[in-house]
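Shown next, in structure tokens, is the structure this report addresses.
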Protein chains: 2
Amino acid sequence: MEEKKYIIAADVGGMSVKMGLFLEDALLEKWAIVTNPGETERGQKHQLLEDVALSAREHLSNREISMSDLRGVGIGIPGPVKDDGIVLRAPNLHWGVANVREELISYLGTPNVAISNDANIAAMGEVWKGGGRGYDTIVMLTLGTGIGGGVVIGGRILNGACGAAGEIGHLPLRNDPEAKCNCGKTGCLEYYTAAAGIVRTARSYLATEQERSCLRDLTDITPRDVFDGAKAGDPICLRVVESFGDAMGQACAQVAQILNPQAFVIGGGISKAGSIILDTIKAHFVPRVLPALRDTPFCLAQLGNDAGIYGGAKMVLDAF
Amino acid sequence: MEEKKYIIAADVGGMSVKMGLFLEDALLEKWAIVTNPGETERGQKHQLLEDVALSAREHLSNREISMSDLRGVGIGIPGPVKDDGIVLRAPNLHWGVANVREELISYLGTPNVAISNDANIAAMGEVWKGGGRGYDTIVMLTLGTGIGGGVVIGGRILNGACGAAGEIGHLPLRNDPEAKCNCGKTGCLEYYTAAAGIVRTARSYLATEQERSCLRDLTDITPRDVFDGAKAGDPICLRVVESFGDAMGQACAQVAQILNPQAFVIGGGISKAGSIILDTIKAHFVPRVLPALRDTPFCLAQLGNDAGIYGGAKMVLDAF
């Protein structure tokens with residue numbers, strides 16, 4: 001009997017679900033469907049998961065691939081996912097506790113469903129085919145409107161006891177009661193280094209310092225303006241980048257002292273600024289770790305928005 | 001053929017090597033030998049490891065146990081140990097790079113040698129037979145003259161890419177250039193919460209505050225004096241305990257946001273103060289982690305100085 005070769009991967013986001021069809025380790029086709037989280041009164045059925053199953057069936061059917069040739073489905077959910085496939089809470093989807101694995105199994109008629117957190121499957125994707133290739137133990141940080149974190153140890157995703165491993169955006173970096181994070185805590189890494197944090201730091205320097213800056217002409221400042229300005233030598237932008245690197249470097253140093261990963265992979269929209277991001281993080285990381293850890297490599301993610309579907313497919317390859 | 005039932009465990013410290021003989025999962029006998037690290041010119045032979053092998057042979061021979069009935073040897077070394085059994089540096093032993101596994105195999109004539117860092121095998125011991133029983137994913141912190149850390153994930157020790165996982169004593173907790181740690185860095189957890197740090201905090205409060213305190217009568221202050229005083233309501237001692245809890249709670253919160261262990265196990269001499277330690281850490285931990293992590297249990301270690309040999313034996317049971 002021939003081995004089943006096809007894999008469906010789905011990366012659920014707040015607005016859309018990115019999906020992919022893989023033939024063994026190759027991505028054949030990718031597409032997206034609209035996220036419609038709709039929960040029934042009892043919270044036992046989620047329209048979104050039925051939509052994912054329907055879309056998967058449709059794309060398989062278009063290629064005349066039988067469900068019996070499907071090796072499995074790998075899915076990432078924006079919320080804490082335990083090893084048993086239970087999602088405890090997915091704020092962006094307005095979900096409470098959901099047994100995603102069981103539910104998808106019922107819609108798909110295949111028992112081979114692998115599930116994890118969206119940031120974790122992105123980390124897995126980068127290890128498999130992206131910036132983390134060649135490593136099996138990495139920490140990935142995704143820098144955008146929030147800070148996502150994913151941990152892969154020995155080639156396996158670390159979900160953690162309640163699915164919250166890798167929630168590094170909410171690492172309590174500093175004792176700073178004024179630094180009020182959206183999560184309700186204070187002093188979280190995300191407060192300082194996600195997009196809004198970078199802009200906040202820039203505005204604060206602009207208000208307190210007299211130096212010239214390209215940022216003074218802008219109504220809306222974006223992280224991109226800050227990193228572009230720093231590359232051009234703008235003194236205020238350079239200070240904002242230092243401040244960003246200081247927070248990121250310290251957080252990565254904390255991660256390294258605990259986990260000692262083979263490498264860090266940095267992704268997300270902000271990472272598009274390129275090597276300036278890695279350089280400033282590394283500069284602030286090195287003096288804060290023991291000598292043995294100072295050579296830990298920092299790599300840029302390479303798969304962009306496809307990291308999640310690659311990671312979803314890899315979970316299926318590993319599990320079934 | 002009957003399964004081999006005997007296990008030798010060794011926990012190498014700077015002064016002595018604790019050793020144990022196990023029959024399956026039961027400790028039959030424990031003893032200690034003096035640590036004599038002596039290294040030859042070429043750094044390829046370590047007297048200490050030959051001493052361990054000789055002592056193991058002697059104790060087996062006294063009980064008329066044949067080497068062929070030995071399932072294996074599990075050993076913990078005070079330094080970073082990689083998965084391949086290479087020790088990169090053991091400052092307390094004045095060792096450079098040492099292939100401990102190969103060397104022990106040659107002295108013992110058995111290929112079944114399991115090795116890890118001393119803090120890691122203590123964590124493993126506590127998971128198996130101590131305060132971490134019932135869990136398979138924990139972080140152990142050993143509070144004494146230094147802060148040791150051990151990480152067990154899914155029942156396996158995490159050594160990390162260069163053997164430095166779990167070096168949580170040198171987690172860069174704060175940006176504080178005056179807080180000079182023995183490791184050469186600044187702001188390390190150990191600087192604040194190991195024995196010397198607790199005493200330093202006490203002396204600083206005594207110098208700057210006018211309040212009465214039982215500590216004022218003492219020439220030498222120990223952490224025990226501080227925790228005993230706090231239990232009796234001494235205001236200065238209570239403030240030192242708060243400061244200790246603040247640093248430990250933040251560090252554990254950082255660990256939890258990254259690893260999400262099922263539990264923390266707190267051991268070492270300082271932990272003998274008992275529940276006051278857990279209570280103050282937990283009080284400062286809870287507000288710094290996401291809601292899903294707030295119920296993470298904190299447990300006291302139970303095996304004391306025997307944790308390491310239990311962990312050494314468990315490594316052998318798992319590996320061979």
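Just remember, in the structure tokens the first chain shown is A, the second B, etc., residues are 1-based per chain, and ligands are 1-based in the order shown.
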| field | Test item: chain B residues at most 8 Å from chain A, counting only C-alpha atoms, as a ChimeraX atom specification | value | /B:137,158-168,170-174,183,185-186,250,253-262,287-290,292-293
| task | Write out as number ranges by chain which residues come within 10 Å of B:Ala26 when counting only C-alpha atoms, dropping same-chain ones fewer than 4 positions away. | result | B: 6-7, 21-22, 310, 313
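From atom CA of A:Ile221 back to atom CA of A:Leu143, the distance works out to 16.6 Å.
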| said: One number please: atom CA of B:Ala307 to atom CA of B:Asp69, in Å, one decimal. | reply: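 Value for the atom CA of B:Ala307-atom CA of B:Asp69 distance: 24.0 Å.
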| task | Would you mind listing what lies within 12 Å of A:Lys231 as a ChimeraX atom specification, with only C-alpha atoms counted and same-chain residues fewer than 3 positions away left out? | result | /A:214,224-228,234-241,273-277,279-280
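Put simply, atom CA of A:Leu23 is 27.5 Å away from atom CA of A:Asn36.
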| task | Write out as an MDAnalysis selection string all residues of stretch 118-308 of chain B that DSSP puts in strand (DSSP E) for this structure's backbone. | result | chainID B and resid 138:143 147:153 156:157 263:267 298:300
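Near A:Val17, within 8 Å and counting only C-alpha atoms, sit Ala10, Asp11, Val12, Gly13, Ala32, Ile33, Val34, Thr35 and Val52 of chain A, not including residues fewer than 4 positions from it in the same chain.
The shortest atom-to-atom distance to B:Leu215, with only C-alpha atoms taken into account, belongs to B:Thr201 out of B:Thr110, B:Ser61, B:Thr201, B:Asn99.
Minimum distance to B:Gly134 across B:Val81, B:Ala119, B:Glu190, B:Gly155 (counting only C-alpha atoms) occurs at B:Gly155.
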| query | Of the candidates B:Ser116, B:Asp83, B:Ala207, B:Tyr192, which shows the shortest atom-to-atom distance to B:Asp176, using only C-alpha atoms? | reply | B:Tyr192
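Comparing the minimum interatomic distances between A:Asp84 and each of A:Ala53, A:Arg101, A:Gly131, A:Ala283, counting only C-alpha atoms, we find that A:Arg101 sits nearest.
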| task | Please run DSSP on the backbone and report, as a list in words, all residues within stretch 16-52 of chain B that come out as helix (DSSP H, G or I). | result | Gln47, Leu48, Leu49, Glu50, Asp51 and Val52 of chain B
| task | Give me the residues within 9 Å of B:Ile8 as a list in words, counting only C-alpha atoms and dropping any in the same chain fewer than 6 places off. | result |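 So the residues in contact are Met19, Gly20, Leu21, Phe22, Ala56, Leu60, Leu70, Arg71, Gly72, Val73, Gly74, Ile75, Ile309, Gly312, Ala313 and Val316 of chain B.
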Dump of N, CA and C atoms for the selected residues, as a PDB file, in the first residue's frame:
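The file below, out_0.pdb, is the result:
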ATOM      1  N   MET B  19      27.510   9.533  46.196  1.00  0.00           N
ATOM      2  CA  MET B  19      27.285   8.372  45.337  1.00  0.00           C
ATOM      3  C   MET B  19      26.174   7.498  45.913  1.00  0.00           C
ATOM      4  N   GLY B  20      25.529   6.756  45.036  1.00  0.00           N
ATOM      5  CA  GLY B  20      24.449   5.896  45.485  1.00  0.00           C
ATOM      6  C   GLY B  20      24.408   4.608  44.674  1.00  0.00           C
ATOM      7  N   LEU B  21      24.004   3.552  45.329  1.00  0.00           N
ATOM      8  CA  LEU B  21      23.780   2.274  44.645  1.00  0.00           C
ATOM      9  C   LEU B  21      22.288   1.992  44.698  1.00  0.00           C
ATOM     10  N   PHE B  22      21.701   1.795  43.547  1.00  0.00           N
ATOM     11  CA  PHE B  22      20.263   1.543  43.460  1.00  0.00           C
ATOM     12  C   PHE B  22      20.006   0.116  42.989  1.00  0.00           C
ATOM     13  N   ALA B  56      32.787   2.873  42.711  1.00  0.00           N
ATOM     14  CA  ALA B  56      31.627   2.112  42.241  1.00  0.00           C
ATOM     15  C   ALA B  56      31.954   0.619  42.227  1.00  0.00           C
ATOM     16  N   LEU B  60      30.170  -2.292  44.569  1.00  0.00           N
ATOM     17  CA  LEU B  60      29.496  -3.420  43.906  1.00  0.00           C
ATOM     18  C   LEU B  60      30.131  -4.729  44.384  1.00  0.00           C
ATOM     19  N   LEU B  70      25.300  -4.639  36.248  1.00  0.00           N
ATOM     20  CA  LEU B  70      25.139  -3.181  36.352  1.00  0.00           C
ATOM     21  C   LEU B  70      24.407  -2.650  35.117  1.00  0.00           C
ATOM     22  N   ARG B  71      23.274  -2.041  35.360  1.00  0.00           N
ATOM     23  CA  ARG B  71      22.501  -1.485  34.249  1.00  0.00           C
ATOM     24  C   ARG B  71      23.186  -0.244  33.669  1.00  0.00           C
ATOM     25  N   GLY B  72      23.787   0.548  34.541  1.00  0.00           N
ATOM     26  CA  GLY B  72      24.486   1.727  34.049  1.00  0.00           C
ATOM     27  C   GLY B  72      24.859   2.663  35.175  1.00  0.00           C
ATOM     28  N   VAL B  73      25.519   3.755  34.785  1.00  0.00           N
ATOM     29  CA  VAL B  73      25.969   4.762  35.734  1.00  0.00           C
ATOM     30  C   VAL B  73      25.415   6.122  35.297  1.00  0.00           C
ATOM     31  N   GLY B  74      24.841   6.828  36.258  1.00  0.00           N
ATOM     32  CA  GLY B  74      24.347   8.177  35.968  1.00  0.00           C
ATOM     33  C   GLY B  74      25.128   9.189  36.784  1.00  0.00           C
ATOM     34  N   ILE B  75      25.627  10.220  36.148  1.00  0.00           N
ATOM     35  CA  ILE B  75      26.506  11.155  36.854  1.00  0.00           C
ATOM     36  C   ILE B  75      26.131  12.606  36.544  1.00  0.00           C
ATOM     37  N   ILE B 309      21.583  12.098  43.287  1.00  0.00           N
ATOM     38  CA  ILE B 309      21.788  10.666  43.004  1.00  0.00           C
ATOM     39  C   ILE B 309      20.487  10.019  42.525  1.00  0.00           C
ATOM     40  N   GLY B 312      20.362  10.940  38.933  1.00  0.00           N
ATOM     41  CA  GLY B 312      21.355  10.156  38.188  1.00  0.00           C
ATOM     42  C   GLY B 312      20.832   8.755  37.890  1.00  0.00           C
ATOM     43  N   ALA B 313      20.221   8.134  38.895  1.00  0.00           N
ATOM     44  CA  ALA B 313      19.671   6.785  38.704  1.00  0.00           C
ATOM     45  C   ALA B 313      18.529   6.801  37.689  1.00  0.00           C
ATOM     46  N   VAL B 316      19.575   6.760  34.121  1.00  0.00           N
ATOM     47  CA  VAL B 316      19.981   5.417  33.666  1.00  0.00           C
ATOM     48  C   VAL B 316      18.744   4.568  33.365  1.00  0.00           C
TER      49      VAL B 316
END
